[in-house]
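Colleague: Next up, start.cif (mmCIF, C-alpha atoms).
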```
data_upload
#
loop_
_atom_site.label_atom_id
_atom_site.label_comp_id
_atom_site.auth_asym_id
_atom_site.auth_seq_id
_atom_site.Cartn_x
_atom_site.Cartn_y
_atom_site.Cartn_z
CA MET G 22 10.21 -25.70 35.72
CA PRO G 23 7.52 -22.97 35.53
CA LEU G 24 3.94 -24.01 36.07
CA LYS G 25 2.73 -21.95 33.12
CA THR G 26 4.69 -21.06 30.00
CA SER G 27 5.06 -17.41 29.13
CA TYR G 28 3.28 -15.96 26.11
CA PHE G 29 6.42 -13.91 25.42
CA LYS G 30 8.80 -16.06 23.36
CA LYS G 31 12.26 -14.70 24.08
CA GLU G 32 14.07 -16.82 21.52
CA LEU G 33 11.72 -15.77 18.74
CA TRP G 34 12.39 -12.13 19.57
CA LYS G 35 16.14 -12.71 19.58
CA GLN G 36 15.98 -14.38 16.19
CA GLY G 37 13.65 -11.70 14.87
CA PHE G 38 15.97 -8.84 15.84
CA ARG G 39 18.95 -10.66 14.37
CA SER G 40 17.25 -10.77 10.98
CA SER G 41 15.27 -7.51 10.94
CA GLY G 42 16.60 -5.33 13.76
CA TRP G 43 18.71 -3.37 11.29
CA ILE G 44 15.49 -1.85 9.92
CA GLY G 45 14.64 -0.28 13.29
CA ILE G 46 18.20 0.96 13.76
CA ALA G 47 18.30 2.49 10.28
CA TYR G 48 14.87 4.06 10.77
CA PHE G 49 15.94 5.56 14.10
CA LEU G 50 19.11 7.04 12.62
CA GLY G 51 17.20 8.35 9.62
CA LEU G 52 14.62 10.14 11.76
CA LEU G 53 17.37 11.39 14.06
CA PHE G 54 19.17 12.96 11.13
CA VAL G 55 16.15 14.60 9.47
CA MET G 56 14.46 15.88 12.66
CA PRO G 57 16.29 16.39 16.01
CA LEU G 58 19.71 16.84 14.44
CA MET G 59 18.33 19.22 11.83
CA ILE G 60 16.66 21.29 14.53
CA LEU G 61 19.91 21.47 16.50
CA MET G 62 21.82 22.51 13.40
CA GLN G 63 19.24 25.14 12.60
CA TYR G 64 18.92 26.76 16.02
CA THR G 65 22.67 26.70 16.78
CA SER G 66 23.57 28.31 13.48
CA PRO G 67 25.82 31.36 14.16
CA ASP G 68 24.21 33.48 11.45
CA GLY G 69 20.68 32.69 12.66
CA TYR G 70 19.63 31.21 9.31
CA TYR G 71 16.43 29.13 9.65
CA MET G 72 15.95 26.66 6.82
CA TYR G 73 12.61 25.49 8.26
CA ASP G 74 10.13 27.81 9.94
CA LEU G 75 8.18 25.49 12.22
CA THR G 76 6.15 28.30 13.71
CA GLU G 77 3.94 28.30 10.60
CA GLY G 78 3.65 24.55 10.16
CA ASN G 79 4.08 21.27 11.98
CA LEU G 80 6.87 18.74 12.42
CA PHE G 81 6.02 17.14 9.09
CA HIS G 82 7.31 20.27 7.39
CA LEU G 83 10.78 19.44 8.70
CA ASN G 84 12.42 17.52 5.83
CA GLY G 85 8.92 16.43 4.88
CA TYR G 86 9.95 14.76 1.64
CA LEU G 87 12.38 12.49 3.52
CA GLN G 88 9.71 11.65 6.09
CA MET G 89 7.39 10.70 3.21
CA ILE G 90 10.05 8.35 1.86
CA PHE G 91 10.26 6.70 5.29
CA PHE G 92 6.46 6.42 5.34
CA ILE G 93 6.38 4.70 1.98
CA PHE G 94 9.19 2.19 2.50
CA VAL G 95 9.82 1.44 6.19
CA PRO G 96 6.45 -0.19 7.18
CA ILE G 97 6.43 -2.37 4.06
CA LEU G 98 10.08 -3.34 4.55
CA ALA G 99 9.53 -4.13 8.24
CA SER G 100 6.61 -6.43 7.46
CA VAL G 101 8.39 -8.21 4.60
CA PHE G 102 11.36 -9.08 6.83
CA ALA G 103 9.20 -9.89 9.86
CA PHE G 104 7.34 -12.56 7.87
CA ARG G 105 10.24 -13.62 5.73
CA TYR G 106 10.35 -16.91 7.66
CA MET G 107 7.08 -18.19 6.17
CA GLN G 108 8.21 -17.43 2.60
CA VAL G 109 11.27 -19.70 2.82
CA LYS G 110 10.64 -23.44 3.02
CA GLY G 111 13.39 -24.31 5.49
CA SER G 112 12.56 -21.63 8.04
CA SER G 113 8.83 -22.19 7.58
CA ASP G 114 9.15 -25.89 8.37
CA PHE G 115 11.29 -25.13 11.41
CA ILE G 116 9.07 -22.42 12.91
CA HIS G 117 5.89 -24.39 12.39
CA SER G 118 7.42 -27.48 13.99
CA LEU G 119 7.86 -25.62 17.31
CA PRO G 120 5.36 -26.32 20.12
CA ILE G 121 3.70 -22.93 19.61
CA THR G 122 0.25 -22.23 18.21
CA ARG G 123 -0.16 -20.53 14.87
CA GLY G 124 -1.78 -17.53 16.54
CA GLN G 125 1.14 -17.08 18.94
CA ILE G 126 3.68 -17.31 16.12
CA PHE G 127 1.91 -14.67 14.06
CA ILE G 128 1.41 -12.24 16.97
CA GLN G 129 5.05 -12.58 18.04
CA GLN G 130 6.37 -11.96 14.53
CA PHE G 131 3.88 -9.14 13.97
CA LEU G 132 5.03 -7.36 17.15
CA ILE G 133 8.70 -7.90 16.29
CA GLY G 134 8.25 -6.12 12.98
CA LEU G 135 6.03 -3.44 14.48
CA SER G 136 8.63 -2.67 17.15
CA ASN G 137 11.04 -1.68 14.35
CA ILE G 138 8.60 1.14 13.60
CA VAL G 139 7.28 2.13 17.03
CA PHE G 140 10.52 2.32 19.03
CA PRO G 141 12.39 4.60 16.57
CA VAL G 142 9.42 6.99 16.44
CA LEU G 143 9.03 7.11 20.23
CA ALA G 144 12.79 7.49 20.76
CA ASN G 145 12.96 10.43 18.37
CA ALA G 146 9.88 11.97 19.96
CA LEU G 147 11.68 11.84 23.31
CA ILE G 148 14.78 13.43 21.80
CA LEU G 149 12.64 16.15 20.22
CA TYR G 150 11.12 16.90 23.62
CA ILE G 151 14.55 17.03 25.29
CA VAL G 152 15.80 19.43 22.61
CA GLN G 153 12.66 21.56 23.00
CA ILE G 154 12.98 21.99 26.75
CA GLY G 155 16.79 22.12 26.71
CA PHE G 156 16.95 25.02 24.24
CA ARG G 157 13.59 26.47 25.32
CA LEU G 158 12.33 26.44 21.77
CA GLU G 159 8.97 27.96 20.95
CA ALA G 160 8.83 26.66 17.40
CA TYR G 161 7.03 23.49 18.50
CA THR G 162 5.40 22.19 21.66
CA LEU G 163 4.73 18.88 23.33
CA SER G 164 1.33 18.73 21.64
CA ASP G 165 3.04 19.09 18.25
CA ILE G 166 5.29 16.14 19.08
CA ALA G 167 2.30 14.08 20.25
CA TRP G 168 0.39 14.84 17.05
CA TRP G 169 3.42 13.87 14.94
CA VAL G 170 3.72 10.55 16.81
CA LEU G 171 -0.01 9.86 16.49
CA VAL G 172 -0.17 10.47 12.74
CA THR G 173 3.11 8.70 12.02
CA LEU G 174 2.24 5.55 13.96
CA ASN G 175 -1.34 5.49 12.65
CA PHE G 176 -0.41 5.55 8.99
CA SER G 177 2.54 3.23 9.60
CA LEU G 178 0.27 0.71 11.32
CA LEU G 179 -2.13 0.80 8.38
CA LEU G 180 0.63 0.10 5.84
CA TYR G 181 2.33 -2.47 8.07
CA SER G 182 -0.85 -4.44 8.81
CA PHE G 183 -1.88 -4.41 5.14
CA THR G 184 1.54 -5.67 4.07
CA SER G 185 1.27 -8.43 6.69
CA LEU G 186 -2.09 -9.49 5.25
CA ILE G 187 -0.61 -9.63 1.76
CA GLY G 188 2.28 -11.66 3.19
CA VAL G 189 -0.15 -14.30 4.46
CA LEU G 190 -1.76 -14.49 1.02
CA THR G 191 1.55 -14.90 -0.81
CA GLY G 192 4.56 -17.19 -0.55
CA ILE G 193 7.35 -15.06 -2.03
CA SER G 194 8.69 -11.92 -0.35
CA ILE G 195 9.18 -9.93 -3.55
CA VAL G 196 5.60 -10.73 -4.56
CA GLN G 197 4.43 -9.59 -1.13
CA ALA G 198 6.13 -6.21 -1.51
CA GLY G 199 5.06 -5.79 -5.12
CA LEU G 200 1.40 -6.65 -4.52
CA THR G 201 1.32 -4.35 -1.49
CA TYR G 202 2.28 -1.30 -3.55
CA ILE G 203 0.00 -2.38 -6.40
CA PHE G 204 -3.04 -2.76 -4.15
CA LEU G 205 -2.35 0.49 -2.29
CA PHE G 206 -2.55 2.36 -5.60
CA PHE G 207 -5.08 0.00 -7.22
CA PRO G 208 -8.29 1.89 -6.26
CA ILE G 209 -7.16 5.19 -7.72
CA GLY G 210 -5.49 3.43 -10.67
CA ILE G 211 -8.54 1.42 -11.71
CA TYR G 212 -10.76 4.47 -11.17
CA MET G 213 -8.61 6.53 -13.53
CA LEU G 214 -8.38 3.73 -16.10
CA LEU G 215 -12.15 3.27 -16.17
CA SER G 216 -12.66 7.03 -16.47
CA PHE G 217 -10.16 7.43 -19.32
CA ASN G 218 -11.60 4.46 -21.22
CA LEU G 219 -15.18 5.70 -20.79
CA GLU G 220 -14.07 9.04 -22.23
CA LEU G 221 -12.77 7.22 -25.31
CA LEU G 222 -15.89 5.11 -25.77
CA LEU G 223 -18.75 7.34 -24.59
CA LYS G 224 -19.67 10.59 -26.28
CA GLY G 225 -20.11 13.33 -23.67
CA PHE G 226 -18.15 11.68 -20.86
CA LYS G 227 -15.17 13.67 -19.56
CA VAL G 228 -12.53 12.69 -17.03
CA GLY G 229 -12.90 16.17 -15.57
CA TYR G 230 -16.14 14.98 -13.98
CA VAL G 231 -14.08 12.92 -11.55
CA SER G 232 -13.97 14.63 -8.18
CA GLU G 233 -10.46 15.37 -6.94
CA GLU G 234 -11.65 14.88 -3.37
CA ILE G 235 -12.79 11.33 -4.15
CA MET G 236 -9.49 10.50 -5.87
CA ILE G 237 -7.47 11.67 -2.87
CA LYS G 238 -9.33 9.29 -0.57
CA LEU G 239 -8.77 6.29 -2.84
CA SER G 240 -5.05 5.95 -2.06
CA PRO G 241 -3.69 5.89 1.51
CA PHE G 242 -0.42 7.47 0.34
CA ILE G 243 -2.13 10.46 -1.26
CA ALA G 244 -4.64 10.73 1.61
CA MET G 245 -1.74 10.74 4.07
CA ILE G 246 0.05 13.59 2.29
CA ASP G 247 -3.18 15.57 2.01
CA TYR G 248 -3.99 14.98 5.68
CA ILE G 249 -0.56 16.16 6.80
CA GLU G 250 -0.86 19.32 4.72
CA THR G 251 -4.42 20.23 5.67
CA GLU G 252 -4.44 18.92 9.29
CA THR G 253 -8.11 18.03 9.07
CA SER G 254 -10.13 16.35 11.83
CA THR G 255 -9.09 13.06 13.39
CA TRP G 256 -11.93 11.05 11.84
CA LEU G 257 -9.63 9.81 9.06
CA LEU G 258 -7.11 8.57 11.65
CA TRP G 259 -9.85 6.64 13.44
CA ILE G 260 -11.04 5.09 10.20
CA TYR G 261 -7.53 3.99 9.26
CA PHE G 262 -6.96 2.62 12.75
CA VAL G 263 -10.11 0.49 12.56
CA VAL G 264 -9.17 -0.68 9.06
CA ALA G 265 -5.71 -1.66 10.36
CA LEU G 266 -7.34 -3.73 13.13
CA VAL G 267 -9.49 -5.46 10.50
CA PHE G 268 -6.35 -6.28 8.48
CA ILE G 269 -4.71 -7.75 11.59
CA PHE G 270 -7.78 -9.85 12.40
CA LEU G 271 -7.98 -11.19 8.83
CA SER G 272 -4.24 -11.93 8.84
CA VAL G 273 -4.47 -14.03 12.01
CA LEU G 274 -7.57 -15.81 10.72
CA LEU G 275 -6.00 -16.69 7.38
CA TYR G 276 -2.62 -17.55 8.87
CA ARG G 277 -4.21 -20.29 10.98
CA VAL G 278 -5.43 -22.10 7.85
CA ARG G 279 -2.47 -21.26 5.62
CA ASN G 280 -0.51 -24.30 4.51
CA ALA G 281 3.16 -24.30 5.48
CA GLU G 282 3.85 -25.75 2.02
CA ALA G 283 2.74 -22.43 0.50
CA ALA G 284 6.32 -21.14 0.90
CA ASN G 285 7.91 -20.26 -2.46
CA GLN G 286 4.46 -20.17 -4.09
CA ALA G 287 3.37 -16.87 -5.62
CA LEU G 288 -0.11 -17.17 -4.08
CA ALA G 289 -0.73 -19.17 -0.92
CA PHE G 290 -4.46 -19.84 -1.46
CA SER G 291 -5.78 -21.41 -4.62
CA VAL G 292 -9.08 -19.55 -4.30
CA ILE G 293 -7.43 -16.17 -4.96
CA LYS G 294 -5.57 -17.32 -8.08
CA PRO G 295 -8.48 -16.70 -10.51
CA ILE G 296 -9.18 -13.36 -8.81
CA PHE G 297 -5.56 -12.33 -9.26
CA ARG G 298 -5.45 -13.66 -12.82
CA PHE G 299 -8.50 -11.78 -14.00
CA GLY G 300 -7.63 -8.67 -12.01
CA VAL G 301 -4.27 -8.39 -13.77
CA THR G 302 -5.94 -9.10 -17.11
CA ILE G 303 -8.52 -6.33 -16.62
CA CYS G 304 -5.86 -3.76 -15.68
CA PHE G 305 -3.69 -4.60 -18.69
CA MET G 306 -6.70 -4.63 -20.99
CA LEU G 307 -7.81 -1.15 -19.90
CA SER G 308 -4.23 0.13 -20.10
CA GLY G 309 -3.82 -1.25 -23.62
CA GLY G 310 -7.07 0.28 -24.84
CA PHE G 311 -6.20 3.65 -23.32
CA TYR G 312 -2.67 3.63 -24.77
CA PHE G 313 -3.71 2.87 -28.35
CA GLY G 314 -6.74 5.15 -28.06
CA ILE G 315 -4.55 8.12 -27.08
CA THR G 316 -1.71 7.46 -29.52
CA GLN G 317 -3.98 6.69 -32.50
CA GLY G 318 -6.49 9.49 -32.09
CA SER G 319 -9.35 7.56 -30.47
CA MET G 320 -9.79 5.25 -33.47
CA LEU G 321 -12.15 2.45 -32.43
CA GLY G 322 -10.21 -0.20 -34.32
CA TRP G 323 -6.96 0.57 -32.50
CA ILE G 324 -8.78 0.77 -29.17
CA ILE G 325 -10.23 -2.72 -29.70
CA PHE G 326 -6.78 -3.99 -30.71
CA GLY G 327 -5.36 -2.46 -27.53
CA TYR G 328 -7.97 -4.24 -25.44
CA PHE G 329 -7.17 -7.63 -26.97
CA PHE G 330 -3.41 -7.13 -26.88
CA GLY G 331 -3.43 -5.82 -23.28
CA ALA G 332 -5.70 -8.61 -22.07
CA PHE G 333 -3.51 -11.27 -23.74
CA LEU G 334 -0.36 -9.77 -22.23
CA GLY G 335 -1.86 -9.40 -18.77
CA TYR G 336 -3.30 -12.92 -18.72
CA THR G 337 0.01 -14.39 -19.87
CA LEU G 338 2.08 -12.52 -17.26
CA ALA G 339 -0.36 -13.43 -14.49
CA GLU G 340 -0.28 -17.09 -15.50
CA MET G 341 3.53 -17.06 -15.62
CA LEU G 342 3.68 -15.61 -12.11
CA ILE G 343 1.21 -18.15 -10.73
CA GLN G 344 2.78 -21.14 -12.47
CA LYS G 345 6.36 -19.81 -12.05
CA THR G 346 7.20 -20.82 -15.60
CA TRP G 347 6.98 -19.31 -19.08
CA ARG G 348 5.41 -22.46 -20.54
CA VAL G 349 1.81 -21.41 -20.07
CA PHE G 350 0.64 -21.22 -23.68
CA ASN G 351 -1.71 -24.17 -23.21
CA GLN G 352 -3.58 -22.47 -20.36
CA TYR G 353 -5.85 -20.14 -22.34
CA LYS G 354 -9.23 -21.74 -21.76
CA GLY G 355 -9.96 -19.22 -18.99
CA PHE G 356 -8.72 -16.40 -21.25
CA LEU G 357 -11.31 -17.24 -23.90
CA ILE G 358 -14.08 -17.15 -21.28
CA TYR G 359 -12.78 -13.84 -20.01
CA MET G 360 -12.67 -12.32 -23.49
CA GLY G 361 -16.22 -13.46 -24.19
CA ILE G 362 -17.46 -11.62 -21.10
CA SER G 363 -15.29 -8.59 -21.92
CA ILE G 364 -16.61 -8.35 -25.47
CA LEU G 365 -20.16 -8.35 -24.13
CA LEU G 366 -19.39 -5.58 -21.63
CA LEU G 367 -17.46 -3.47 -24.14
CA SER G 368 -20.23 -3.84 -26.70
CA SER G 369 -22.73 -2.57 -24.15
CA VAL G 370 -20.64 0.58 -23.73
CA VAL G 371 -19.75 1.13 -27.40
CA PHE G 372 -23.35 0.75 -28.55
CA ASP G 373 -24.62 2.62 -25.48
CA TRP G 374 -27.09 0.03 -24.24
CA TYR G 375 -27.53 2.16 -21.10
CA GLY G 376 -28.79 5.23 -22.96
CA TYR G 377 -26.09 7.58 -21.64
CA GLU G 378 -25.57 9.47 -24.90
CA ASN G 379 -29.30 9.84 -25.47
CA ARG G 380 -29.59 11.80 -22.23
CA ILE G 381 -27.05 14.41 -23.36
CA PRO G 382 -28.94 17.63 -24.22
CA SER G 383 -28.52 19.18 -27.64
CA GLU G 384 -26.36 22.27 -28.00
CA GLU G 385 -29.26 24.68 -28.43
CA LYS G 386 -30.85 23.50 -25.17
CA ILE G 387 -27.77 24.24 -23.06
CA GLU G 388 -28.22 27.53 -21.23
CA GLY G 389 -25.11 27.40 -19.03
CA VAL G 390 -22.46 25.21 -17.46
#
```
How does this structure look as structure tokens?

Modeller:
Amino acid sequence: MPLKTSYFKKELWKQGFRSSGWIGIAYFLGLLFVMPLMILMQYTSPDGYYMYDLTEGNLFHLNGYLQMIFFIFVPILASVFAFRYMQVKGSSDFIHSLPITRGQIFIQQFLIGLSNIVFPVLANALILYIVQIGFRLEAYTLSDIAWWVLVTLNFSLLLYSFTSLIGVLTGISIVQAGLTYIFLFFPIGIYMLLSFNLELLLKGFKVGYVSEEIMIKLSPFIAMIDYIETETSTWLLWIYFVVALVFIFLSVLLYRVRNAEAANQALAFSVIKPIFRFGVTICFMLSGGFYFGITQGSMLGWIIFGYFFGAFLGYTLAEMLIQKTWRVFNQYKGFLIYMGISILLLSSVVFDWYGYENRIPSEEKIEGV
């Protein structure tokens, strides 16, 4: 019998690869098809036809749209299946009954899922290098391969760690995946909704004032595509790497206090339920006001109706998801409080309590734009 138990839990890894190893295999084959195999097909073509000219770009220009699809789906899928055990009551009870600390369980499962991303990328990088030296290609170099690996793993780690954090906060896998995509687009979505609604309510406010550069940075997906195209400095990669480490730290911290009974619950912590409820309500309210404002010619009456209808719909759907039942029509005390606060805020904008419209210069005073 060993004097000290190993931190590496072989049986957990075996079980993990049985349930989620297919993701790594599929990811490897997908990258193999869209990158090394495509290069071989291109540079062994008898007529010398080059579909992709890598001399004027980088490896992301090789079937870039397919690589983007992998970016968007593989890290989220790997995390969902890696932490699937804590979303199912039977497996959650079994895993948490083992003589292993919560921290060890999380780290092991986190690394199992992460390996389904890292190993396929590194394996294809090695194949790319072998193809490059075997055929003496000058279209790309070892530094190009290294940069591709760095960017791919960095953005993948960000998405994977964020999905893992959402998984700790939820108790249903489909909710984990759905909330991950929602929150990744939430900053740019709420920014646009606020801008569009202010344009409807405030005279002189235009959505065109919104800086495109700011909008790009609000969504990791859009920032990733922009970064790949522009090949800017590495500061963005460092920021995302630090943010990913913060997500991992928060995940471990919350996982240690997460109740095992949270499996099959939409939200694992009761403290985030009101935040989620009112967040969904706000988004639906702004969407409703914008929809009726656009379709009905910015009529204030229809905009107000859209706000009330959207808020009611959003609050009801959020309550149904939290309670996991459609019988929630006696749970509207919080909705009335929310609408009272919303009416106050909307009134402040409609009646311009902040003096925005008064600061707009008259037409004869405008000398140029």

Colleague: How many Å separate atom CA of G:Met107 from atom CA of G:Leu186?

Modeller: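 Calculated distance between atom CA of G:Met107 and atom CA of G:Leu186 is 12.7 Å.
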
Colleague: Evaluate the PyMOL selection byres ((chain G and resi 187) around 9) and record the selected residues as a tab-separated table (two decimals) with C-alpha atoms, keeping the file's coordinate frame, following the chain and residue labels used in the document.

Modeller:
```tsv
chain	number	residue	atom	x	y	z
G	182	SER	CA	-0.85	-4.44	8.81
G	183	PHE	CA	-1.88	-4.41	5.14
G	184	THR	CA	1.54	-5.67	4.07
G	185	SER	CA	1.27	-8.43	6.69
G	186	LEU	CA	-2.09	-9.49	5.25
G	188	GLY	CA	2.28	-11.66	3.19
G	189	VAL	CA	-0.15	-14.30	4.46
G	190	LEU	CA	-1.76	-14.49	1.02
G	191	THR	CA	1.55	-14.90	-0.81
G	196	VAL	CA	5.60	-10.73	-4.56
G	197	GLN	CA	4.43	-9.59	-1.13
G	198	ALA	CA	6.13	-6.21	-1.51
G	200	LEU	CA	1.40	-6.65	-4.52
G	201	THR	CA	1.32	-4.35	-1.49
G	272	SER	CA	-4.24	-11.93	8.84
```

Colleague: Could you tell me how far atom CA of G:Phe299 lies from atom CA of G:Lys354, in Å and to one decimal?

Modeller: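 Atom-to-atom, atom CA of G:Phe299 and atom CA of G:Lys354 are spaced 12.6 Å apart.
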
Colleague: Hey, what comes out of the PyMOL selection byres ((chain G and resi 175) around 9) on this file? Could you write it as a list of chain:residue names?

Modeller: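 Checked against the file, the PyMOL selection byres ((chain G and resi 175) around 9) matches G:Val170, G:Leu171, G:Val172, G:Thr173, G:Leu174, G:Phe176, G:Ser177, G:Leu178, G:Leu179, G:Leu180, G:Leu258, G:Trp259, G:Tyr261, G:Phe262, G:Ala265.
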
Colleague: Pick out the closest residue to G:Ala160 from this set: G:Leu215, G:Ile148, G:Ile246, G:Ile60. Count all atoms listed in the file.

Modeller: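 Under the stated criterion, the closest residue is G:Ile60.
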
Colleague: Once the PyMOL selection byres ((chain G and resi 285) around 12) has been applied to the shown file, what residues remain in the selection, as a CSV table (one decimal) with C-alpha atoms, in the coordinates of the input?

Modeller:
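Listing of expr07.csv after writing:
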```csv
chain,number,residue,atom,x,y,z
G,105,ARG,CA,10.2,-13.6,5.7
G,106,TYR,CA,10.4,-16.9,7.7
G,107,MET,CA,7.1,-18.2,6.2
G,108,GLN,CA,8.2,-17.4,2.6
G,109,VAL,CA,11.3,-19.7,2.8
G,110,LYS,CA,10.6,-23.4,3.0
G,111,GLY,CA,13.4,-24.3,5.5
G,112,SER,CA,12.6,-21.6,8.0
G,113,SER,CA,8.8,-22.2,7.6
G,188,GLY,CA,2.3,-11.7,3.2
G,190,LEU,CA,-1.8,-14.5,1.0
G,191,THR,CA,1.6,-14.9,-0.8
G,192,GLY,CA,4.6,-17.2,-0.6
G,193,ILE,CA,7.4,-15.1,-2.0
G,194,SER,CA,8.7,-11.9,-0.4
G,195,ILE,CA,9.2,-9.9,-3.6
G,196,VAL,CA,5.6,-10.7,-4.6
G,197,GLN,CA,4.4,-9.6,-1.1
G,280,ASN,CA,-0.5,-24.3,4.5
G,281,ALA,CA,3.2,-24.3,5.5
G,282,GLU,CA,3.8,-25.8,2.0
G,283,ALA,CA,2.7,-22.4,0.5
G,284,ALA,CA,6.3,-21.1,0.9
G,286,GLN,CA,4.5,-20.2,-4.1
G,287,ALA,CA,3.4,-16.9,-5.6
G,288,LEU,CA,-0.1,-17.2,-4.1
G,289,ALA,CA,-0.7,-19.2,-0.9
G,342,LEU,CA,3.7,-15.6,-12.1
G,343,ILE,CA,1.2,-18.2,-10.7
G,344,GLN,CA,2.8,-21.1,-12.5
G,345,LYS,CA,6.4,-19.8,-12.0
```

Colleague: Interatomic distance between atom CA of G:Ser240 and atom CA of G:Ser100?

Modeller: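 Here the two named atoms are 19.5 Å from each other.
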
Colleague: Enclose all atoms of stretch 269-277 of chain G listed in the file in an axis-aligned box, grow every side by 4 Å, and hand back centre and edge lengths in Å to one decimal, as JSON.

Modeller:
```
{"center_x": -5.3, "center_y": -14.0, "center_z": 9.9, "size_x": 13.4, "size_y": 20.5, "size_z": 13.0}
```

Colleague: Counting all atoms listed in the file, which residue out of G:Leu119, G:Met62, G:Gln129, G:Tyr202 sits closest to G:Phe94?

Modeller: G:Tyr202

Colleague: Please determine the residues with any atom at most 7 Å from (10.5, -1.6, 12.9) (coordinates as given in the file, with all atoms listed in the file counting) and report them as a list in words.

Modeller: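 Counting all atoms listed in the file, I find these residues within 7 Å of (10.5, -1.6, 12.9): Ile44, Gly45, Ala99, Gly134, Leu135, Ser136, Asn137, Ile138 and Val139 of chain G.
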
Colleague: Would you mind listing what lies within 12 Å of G:Ala339 as a ChimeraX atom specification, with only C-alpha atoms counted and same-chain residues fewer than 6 positions away left out?

Modeller: /G:196,287-288,294-305,332-333,345-347,349,352-353,356

Colleague: My list of candidates is G:Ser118, G:Tyr181, G:Val95, G:Leu143. Which is closest to G:Phe268 when distances are computed with all atoms listed in the file?

Modeller: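 That would be G:Tyr181, the residue with the smallest distance to G:Phe268.
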
Colleague: Using all atoms listed in the file, pick whichever of G:Leu158, G:Leu80, G:Leu205, G:Val263 has the shortest atom-to-atom distance to G:Ala244.

Modeller: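 Smallest distance to G:Ala244 is found for G:Leu205.
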
Colleague: Between G:Met320, G:Tyr328, G:Leu338, G:Gly124, which residue has the minimum interatomic distance to G:Val273, considering all atoms listed in the file?

Modeller: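 Comparing G:Met320, G:Tyr328, G:Leu338, G:Gly124 against G:Val273, the winner is G:Gly124.
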
Colleague: Counting only C-alpha atoms, which of G:Phe92, G:Phe81, G:Phe311, G:Phe49 gets nearest to G:Pro141?

Modeller: G:Phe49

Colleague: Could you pull the residues within 10 Å of G:Leu52, counting all atoms listed in the file, minus those fewer than 3 positions along the same chain, as a PyMOL selection string?

Modeller: chain G and resi 47-49+55-59+84+87-88+91+141-142+144-146

Colleague: Give me the residues near G:Tyr312 as a list of chain:residue names, where near means some atom within 12 Å (using all atoms listed in the file) and where sequence neighbours in that chain fewer than 5 positions away do not count.

Modeller: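 With the cut-off at 12 Å, the set is G:Leu214, G:Phe217, G:Asn218, G:Leu221, G:Phe305, G:Met306, G:Leu307, G:Gln317, G:Gly318, G:Ser319, G:Met320, G:Trp323, G:Ile324, G:Ile325, G:Phe326, G:Gly327, G:Tyr328, G:Phe330, G:Gly331.
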